[in-house]
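This report refers to the structure that appears directly beneath it.
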Amino acid sequence: MEQSDGVHEHLNHNTIQDFIKLSKLLSDNRYTVLKPNTLDLVAILLLAAAINEELFFDVVAWGEHTQLASKATFSRRKDYLESIGVVYEENVRAPYGRPKIRLRLNEERFREVFKINEEKPE
């Protein structure tokens, strides 16, 4: 199975597009003032997922499938983004088992932390 097959199994197309846009936008040196190793591809993927209100489980499954990072790394990055107020969780009831966690973006805090204007990046 190719990596591109796994993309559509877990994440929607808009999330992948936002991931690419954010990767370009946040590659600027001014974001190195943030805690080292936290604004990596995992953190950027979590931000893109939060913009698109993805389930954390699906993001982790895609990340592990594509060998981007482990579940523990995703959890650490999510905890960091929550601690700075950029991402928050919303519990989603599941028909069985534990509730799922939906990632949500605090847009105001996101723009404040990353010094991003109201305009969407091209």
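Scheme for the structure tokens: letters A, B, ... for chains in order shown; per-chain residue numbers from 1; ligand numbers from 1 in order shown.
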
Which parts of region 1-121 of chain A does DSSP call helix (DSSP H, G or I) when run on the backbone here, written out as number ranges by chain?
-> A: 3-10, 13-25, 29-33, 41-51, 56-65, 71-83, 107-114

Using backbone DSSP assignments, extract all strand (DSSP E) residues from region 15-121 of chain A; output them as a PyMOL selection string.
-> chain A and resi 87-92+100-105

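With only C-alpha atoms as the atoms that count, the minimum distance from Glu90 (chain A) to the choices A:His65, A:Lys71, A:Arg109, A:Arg104 is reached by A:Arg104.
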
Contacts of Asp58 (chain A) at 10 Å or less, counting only C-alpha atoms, minus same-chain residues fewer than 4 places along, as an NGL selection string?
-> :A and (9-12 or 49 or 54 or 62-64 or 100-102)

Go ahead and write the selection's residues with C-alpha atoms as a compact mmCIF listing (two decimals), in the first residue's frame.
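What follows is the written file again23.txt:
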```
# COMPACT_ATOMS: atom_id res chain seq x y z
CA GLU A 9 -8.34 6.43 4.95
CA HIS A 10 -7.87 8.69 7.96
CA LEU A 11 -7.67 12.40 7.09
CA ASN A 12 -9.79 14.56 4.83
CA ALA A 49 -6.24 18.67 11.98
CA GLU A 54 -10.38 15.90 12.88
CA TRP A 62 -2.43 8.36 9.81
CA GLY A 63 0.80 9.51 11.47
CA GLU A 64 1.73 6.00 12.51
CA LYS A 100 -13.22 10.00 20.91
CA ILE A 101 -11.38 13.32 21.04
CA ARG A 102 -12.02 15.90 18.35
```

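Picture a line from CA of Glu107 (chain A) to CA of Leu55 (chain A); it runs 17.8 Å.
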